[in-house]
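> One structure follows; several queries about it will come next.
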Amino acid sequence: MPERGSTLAERDGDAALIPAPVPEDRPPAWPHRHLLDTDVLTWPQIELVLDTADVMGEVVARRRPRSDALRGVGVTNLFYEASTRTRVSFEVAAKHLSADVVNVSVSGSSIEKGESLLDTVRTLASLGARVLVMRHATSGAPYLVAREFAGSVINAGDGRHAHPTQALLDLYTLQRHVPGGSLRGRKVVILGDVLHSRVARSNLWTLTAAGADVWLCGPATLLRGFEAWAAAGVGGERRFTVTSDIDAALRDADAVMALRLQQERMAAGLLPSLHEYAERFGLTAERLRLAREDCLVMHPGPMNEGVEIAPDVAAGPRSLVTEQVANGVAIRMAVLSLLTSVGLRGEG
Amino acid sequence: MPERGSTLAERDGDAALIPAPVPEDRPPAWPHRHLLDTDVLTWPQIELVLDTADVMGEVVARRRPRSDALRGVGVTNLFYEASTRTRVSFEVAAKHLSADVVNVSVSGSSIEKGESLLDTVRTLASLGARVLVMRHATSGAPYLVAREFAGSVINAGDGRHAHPTQALLDLYTLQRHVPGGSLRGRKVVILGDVLHSRVARSNLWTLTAAGADVWLCGPATLLRGFEAWAAAGVGGERRFTVTSDIDAALRDADAVMALRLQQERMAAGLLPSLHEYAERFGLTAERLRLAREDCLVMHPGPMNEGVEIAPDVAAGPRSLVTEQVANGVAIRMAVLSLLTSVGLRGEG
Amino acid sequence: MPERGSTLAERDGDAALIPAPVPEDRPPAWPHRHLLDTDVLTWPQIELVLDTADVMGEVVARRRPRSDALRGVGVTNLFYEASTRTRVSFEVAAKHLSADVVNVSVSGSSIEKGESLLDTVRTLASLGARVLVMRHATSGAPYLVAREFAGSVINAGDGRHAHPTQALLDLYTLQRHVPGGSLRGRKVVILGDVLHSRVARSNLWTLTAAGADVWLCGPATLLRGFEAWAAAGVGGERRFTVTSDIDAALRDADAVMALRLQQERMAAGLLPSLHEYAERFGLTAERLRLAREDCLVMHPGPMNEGVEIAPDVAAGPRSLVTEQVANGVAIRMAVLSLLTSVGLRGEG
């Protein structure tokens, strides 16, 4: 870990956690005003997020988990889709940083009146939102918003497109448990409904950037289009493997990430039945024996236990599911802090 | 602007923003414990709100927008109708004043169980609500509540009756942009579904009190009853004009306020079609050429762009829509501060 | 009242309100980490809650009702059923103690996605919840959660089973108004839909522990099973009376607690009609004449006025309904403070 993190950690309890100014003779370590996906993050930038999350983790562990970093900064959670964990995670993260948090969800808001997304965002900006954390069913919606919004936009999930803070917390959690702390050359399997998963897409960028040997595995109908991407490579170079052969995927894996199966998919004729899916692609203890003995198990939640993951695997000794959620708070604190430090400098 | 505002502004950052005590030999400048409509406000009282909003605007503009004025005061937002902007605006305003804010909306509350409005209000009072910000579909509901509630009631919209903070922020916004800062003799047009608009009703009181030449314009079916009111005069004396002739209304106007068209009205047979409405009464750039060159454009939001207002007009250089929202926070801070200063003195 | 309460009250305004350490030669006065029902509370423990509520009542009465007792402690309200008063009461209580409060309700959360209760709770724990206040339609659900959750669980109502803070606030309110401050030998009537009432069940434990002469009264169909319990005695010894004879029940009563009639019961064929129910079991002024002249009237709310209680009785001089709600905040502050003091000591 670089010195930056340690330096921040040594500061006084409630002091600002915003990274120190970057010397003028090199580009700022963190140039982004928005976090819409992980595809634009360089590896040093990803490391900066993870290192900052280390510092934030120390704040979270305090008896009183509170820093002054975002005091006076308005953070608005704008959720057009139901969410417990992501909304609460951002809310807790922002409050730990002393931000002023406002929650807006679809039900009970004038969004029901058919107000347009951009009109809503302009309104929230005028009401003091400096950071907009948004979830929307339409892929790309946060990009539209970021073009208009003067503050920072964090994509908390847009359709099947991206969920960048999830990918960052997944990487952070993995690195803390992989021997040596690096994913370079490690086999990481993303298993399940890849086609509809924003989690899978955002993880592809960060995991391949970390040098992992990424395998995507699921029914052929839920992998459509990924073979072409695999052939082209992530970022035009970083290769990964796509297969429906779950045994090949799991063999000697260092980590497996099971994806939530959206049960709505069945209706669309993409899957025969829940039972058959669980039989063929569910992550069971028996199947996990193909992987390395210390293979790590992850799931972005919420889980359909007994479908994409067996209950004993989800709760087993290799499972990082609970830690993923806990790390999410530190990661989101890091992202909030980095984005607003750019916003305050007027860059980006 | 009177000295009062400046005096307040000069005080220490987080000091109380409650106006200084009024000398005993004249009536208190602000005698109201509730704000149910603008009809009871004298012109000096309206000016006091606007001047206090100036001070509050300085608080909002701080790096840390926070005053201690309402520290320890419970403010409850009780919304029986969906709302984003108004609920968030009051929530932000109250938090800027360090109040303890509780949000109660219809969905997810026991209001679903058929609890009566007054029983709910008594409960919220017992739970510590000192200010009740309420929105209700029934005209007059806040008056019923104010008779029972020991604290202050702010009407955040009741049926088609009143929305006083909206009218105050509209007036505040207009005065900041009209040359000379006064509406006296200025032609202000309220355009659209006047019949169902609480915004129009509350604005009629404040705009005529400010000396504006107010015109109400819309389809005859959406102006019913206003001709009689115009003949009688607002407050029995202040005249205004009612017409369905949009060209006459817009000619040489200094400001136009387009109203939201509730699409439910079509079902009631009051309108032929959205398309025809937009054709005949939509505020377009072409139509706006009839008005003065510097004619200001307003809308209380949320907008049906392409219906009552054209997108290029809504986003155009004369549009004050975004500033209306921003000023709403300062106006609501002013109202919260004035009402509770009365409540604390035990008057009203 | 024991000295403990006074000692706490004498401390500095914002000092911690956690009870002083208990000498090692006797069991801790408050050994419980969770509050799932009142059945496990000894009488000294019940008294400790009520005495602590006295102290908390002094905090509530301050101009700025705030203590530091739970600063940095995450309190999550997880409500699977609609609620205004209980959710707001816990939210206000936790905020008065400076806790970090998160609200999660069914609508607008991923609970809609079919996430399991335990998965949700694990997630909330990982997000920092130290106290979980939960309401659930299934009797016993909080017990399941308490087995998994490392912090404290407060049952805010589970199906028809228990609602312990309601029973404690009812007892607290009664004791403050009964002459002499003790319920020993006082006749207390619980009237109405006893069968489906978690309030009645939890009150049975506390009222009989206080030595009251408890009578349960309602239609025979809504008392099923309680005769057997009455014969066995609460806790195997404390007797109470079950009857459908409302005149016998009310005769010389010191207090009557009317229960909310869930209108859904009619559909189940348990009741003939609302009208007939009101006729036979509604608490009217005329019926109340059978009771003692100073008979106290209570209702856990929300009330169906005109059904289980007449409006003039609900609002009458003997009614404690409003005070019940107000006392609920102090009781919940006491419970939050006591439970977390155990949690911090690592006991329970």
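How things are named: the first chain in the structure tokens is A, the next is B, and so on; residues count from 1 in each chain; ligands count from 1 in the order shown.
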Determine which residues of chain A sit within 9 Å of chain C, taking into account only C-alpha atoms, and present them as a PyMOL selection string.

chain A and resi 60+62-66+79-85+87-89+91-92+95+105-107+262+301-305+321-329

> Suppose we keep N, CA and C atoms; can you now write the selection as a CSV table (one decimal), in the first residue's frame?


chain,number,residue,atom,x,y,z
A,60,VAL,N,-14.6,3.9,10.0
A,60,VAL,CA,-15.7,3.0,10.3
A,60,VAL,C,-15.5,2.3,11.6
A,62,ARG,N,-14.0,3.1,14.2
A,62,ARG,CA,-14.0,3.9,15.5
A,62,ARG,C,-15.3,3.7,16.3
A,63,ARG,N,-15.1,4.0,17.6
A,63,ARG,CA,-16.3,4.0,18.4
A,63,ARG,C,-17.4,4.9,17.9
A,64,ARG,N,-16.9,6.1,17.4
A,64,ARG,CA,-17.8,7.0,16.8
A,64,ARG,C,-17.3,7.2,15.4
A,65,PRO,N,-17.9,6.5,14.4
A,65,PRO,CA,-17.4,6.5,13.0
A,65,PRO,C,-17.8,7.7,12.3
A,66,ARG,N,-17.1,8.8,12.5
A,66,ARG,CA,-17.5,10.0,11.9
A,66,ARG,C,-16.2,10.9,11.5
A,79,PHE,N,-33.2,7.1,-6.2
A,79,PHE,CA,-33.3,5.7,-6.5
A,79,PHE,C,-34.6,5.4,-7.3
A,80,TYR,N,-34.5,5.1,-8.6
A,80,TYR,CA,-35.7,4.7,-9.4
A,80,TYR,C,-36.0,3.2,-9.3
A,81,GLU,N,-35.1,2.5,-8.7
A,81,GLU,CA,-35.4,1.0,-8.5
A,81,GLU,C,-35.2,0.7,-7.0
A,82,ALA,N,-36.0,-0.3,-6.6
A,82,ALA,CA,-35.9,-0.7,-5.2
A,82,ALA,C,-34.5,-1.1,-4.8
A,83,SER,N,-34.1,-0.8,-3.6
A,83,SER,CA,-32.8,-1.2,-3.1
A,83,SER,C,-32.8,-1.1,-1.6
A,84,THR,N,-32.3,-2.0,-0.9
A,84,THR,CA,-32.0,-1.8,0.5
A,84,THR,C,-30.5,-1.6,0.7
A,85,ARG,N,-29.7,-2.6,0.3
A,85,ARG,CA,-28.3,-2.5,0.6
A,85,ARG,C,-27.5,-1.3,0.0
A,87,ARG,N,-28.7,1.6,-1.2
A,87,ARG,CA,-29.1,2.9,-0.7
A,87,ARG,C,-28.6,3.1,0.7
A,88,VAL,N,-28.8,2.1,1.6
A,88,VAL,CA,-28.4,2.3,3.0
A,88,VAL,C,-26.9,2.4,3.0
A,89,SER,N,-26.2,1.7,2.2
A,89,SER,CA,-24.7,1.7,2.2
A,89,SER,C,-24.2,3.1,1.8
A,91,GLU,N,-26.0,5.9,2.1
A,91,GLU,CA,-26.5,6.8,3.2
A,91,GLU,C,-25.6,6.7,4.4
A,92,VAL,N,-25.2,5.5,4.8
A,92,VAL,CA,-24.3,5.4,5.9
A,92,VAL,C,-22.9,6.0,5.6
A,95,LYS,N,-23.1,9.8,5.7
A,95,LYS,CA,-23.3,10.3,7.0
A,95,LYS,C,-22.0,10.1,7.8
A,105,SER,N,-36.9,8.4,-3.3
A,105,SER,CA,-37.2,7.1,-4.0
A,105,SER,C,-38.4,7.3,-4.9
A,106,VAL,N,-38.6,6.4,-5.8
A,106,VAL,CA,-39.7,6.6,-6.7
A,106,VAL,C,-41.1,6.7,-6.0
A,107,SER,N,-41.3,5.7,-5.1
A,107,SER,CA,-42.6,5.8,-4.5
A,107,SER,C,-42.7,7.0,-3.5
A,262,GLN,N,-32.2,-13.0,-11.8
A,262,GLN,CA,-33.5,-12.3,-11.8
A,262,GLN,C,-34.5,-13.2,-12.3
A,301,GLY,N,-25.4,-10.0,-3.8
A,301,GLY,CA,-26.7,-9.8,-3.1
A,301,GLY,C,-27.7,-9.0,-3.8
A,302,PRO,N,-29.0,-9.1,-3.5
A,302,PRO,CA,-29.5,-10.1,-2.5
A,302,PRO,C,-29.5,-11.5,-3.2
A,303,MET,N,-29.3,-12.5,-2.4
A,303,MET,CA,-29.1,-13.9,-2.9
A,303,MET,C,-30.5,-14.6,-3.0
A,304,ASN,N,-30.6,-15.4,-4.0
A,304,ASN,CA,-31.7,-16.4,-4.1
A,304,ASN,C,-31.0,-17.7,-3.6
A,305,GLU,N,-31.0,-17.9,-2.3
A,305,GLU,CA,-30.3,-19.1,-1.8
A,305,GLU,C,-31.1,-20.3,-2.3
A,321,VAL,N,-19.4,-12.9,1.6
A,321,VAL,CA,-20.6,-12.1,1.3
A,321,VAL,C,-20.8,-11.0,2.3
A,322,THR,N,-20.7,-11.4,3.6
A,322,THR,CA,-21.0,-10.4,4.6
A,322,THR,C,-19.9,-9.3,4.6
A,323,GLU,N,-18.6,-9.7,4.3
A,323,GLU,CA,-17.6,-8.7,4.3
A,323,GLU,C,-17.7,-7.8,3.1
A,324,GLN,N,-18.2,-8.3,2.0
A,324,GLN,CA,-18.5,-7.5,0.8
A,324,GLN,C,-19.4,-6.3,1.2
A,325,VAL,N,-20.4,-6.6,1.9
A,325,VAL,CA,-21.4,-5.5,2.3
A,325,VAL,C,-20.6,-4.5,3.2
A,326,ALA,N,-19.9,-5.0,4.2
A,326,ALA,CA,-19.2,-4.1,5.1
A,326,ALA,C,-18.2,-3.3,4.4
A,327,ASN,N,-17.4,-3.9,3.5
A,327,ASN,CA,-16.4,-3.1,2.8
A,327,ASN,C,-17.1,-2.0,1.9
A,328,GLY,N,-18.3,-2.3,1.5
A,328,GLY,CA,-19.0,-1.4,0.6
A,328,GLY,C,-19.1,0.0,1.2
A,329,VAL,N,-19.2,0.1,2.5
A,329,VAL,CA,-19.3,1.4,3.2
A,329,VAL,C,-18.0,2.2,3.0

> Considering only helix (DSSP H, G or I) as DSSP defines it on the backbone, what residues of stretch 51-201 of chain A qualify? List them as a ChimeraX atom specification.

/A:51-60,85-96,110-113,117-126,141-148,164-177,179-181,198-201

> Enter the distance from atom CA of C:Gln175 to atom CA of C:Leu207, in Å, rounded to one decimal.

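Computing the Euclidean distance for atom CA of C:Gln175 and atom CA of C:Leu207 yields 10.4 Å.
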
> Using only C-alpha atoms, pick whichever of B:Arg318, B:Arg186, B:Arg147, B:Arg332 has the shortest atom-to-atom distance to B:Arg289.

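Closest candidate: B:Arg318.
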
> Have a look at B:Asp37, B:Glu227, B:Glu308, B:Asp247 and name the one nearest to B:Thr165; count only C-alpha atoms.

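Nearest to B:Thr165: B:Asp37.
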
> Hey, can you check how far atom CA of A:Arg198 sits from atom CA of A:Asp254?

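Atom CA of A:Asp254 lies at a distance of 22.0 Å from atom CA of A:Arg198.
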
> Report, in Å to a single decimal, how far apart atom CA of C:Pro142 and atom CA of C:Leu118 are.

10.2 Å

> Return as a list in words the full set of residues in stretch 262-303 of chain A whose backbone-based DSSP assignment is strand (DSSP E or B).

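Selection result, strand (DSSP E or B) within stretch 262-303 of chain A: Leu283, Leu296, Val297 and Met298 of chain A.
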
> Please save C-alpha atoms of the selected residues as a PDB file, in the first residue's frame.


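The resulting file, part_31.pdb, is reproduced below:
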ATOM      1  CA  LEU A 283     -22.892 -22.968  -6.839  1.00  0.00           C
ATOM      2  CA  LEU A 296     -13.205 -17.574  -2.182  1.00  0.00           C
ATOM      3  CA  VAL A 297     -16.984 -17.227  -2.671  1.00  0.00           C
ATOM      4  CA  MET A 298     -18.733 -13.949  -3.383  1.00  0.00           C
TER       5      MET A 298
END

> What's around B:Leu261 at 9 Å? Count only C-alpha atoms, leave out sequence neighbours fewer than 2 positions away in its own chain, and write the answer as a compact mmCIF listing (two decimals) with N, CA and C atoms, in the first residue's frame.


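The new file around09.txt reads:
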# COMPACT_ATOMS: atom_id res chain seq x y z
N GLY B 192 -52.79 29.06 -17.78
CA GLY B 192 -53.05 27.63 -17.82
C GLY B 192 -54.25 27.20 -17.01
N ASP B 193 -54.06 26.13 -16.25
CA ASP B 193 -55.16 25.51 -15.51
C ASP B 193 -55.36 26.24 -14.17
N HIS B 196 -57.72 24.68 -11.16
CA HIS B 196 -57.28 23.64 -10.21
C HIS B 196 -55.99 24.00 -9.50
N LEU B 259 -48.62 27.31 -15.65
CA LEU B 259 -49.04 26.34 -14.62
C LEU B 259 -48.99 24.92 -15.16
N GLN B 263 -52.91 16.18 -15.95
CA GLN B 263 -53.47 15.44 -17.08
C GLN B 263 -54.78 14.74 -16.72
N GLU B 264 -55.02 14.61 -15.41
CA GLU B 264 -56.29 14.02 -14.99
C GLU B 264 -57.48 14.87 -15.46
N ARG B 265 -57.23 16.15 -15.77
CA ARG B 265 -58.34 17.03 -16.12
C ARG B 265 -59.04 16.60 -17.41
N LEU B 274 -54.58 16.99 -25.03
CA LEU B 274 -53.30 17.60 -24.69
C LEU B 274 -52.76 18.40 -25.86
N MET B 303 -42.70 20.31 -14.59
CA MET B 303 -43.18 20.75 -15.90
C MET B 303 -43.57 19.58 -16.80
N ASN B 304 -44.66 19.77 -17.54
CA ASN B 304 -44.94 18.91 -18.69
C ASN B 304 -44.36 19.64 -19.90
N VAL B 307 -46.15 20.61 -23.33
CA VAL B 307 -47.59 20.82 -23.13
C VAL B 307 -47.80 22.28 -22.73
N GLU B 308 -47.70 22.59 -21.46
CA GLU B 308 -47.97 23.98 -21.06
C GLU B 308 -46.78 24.90 -21.31
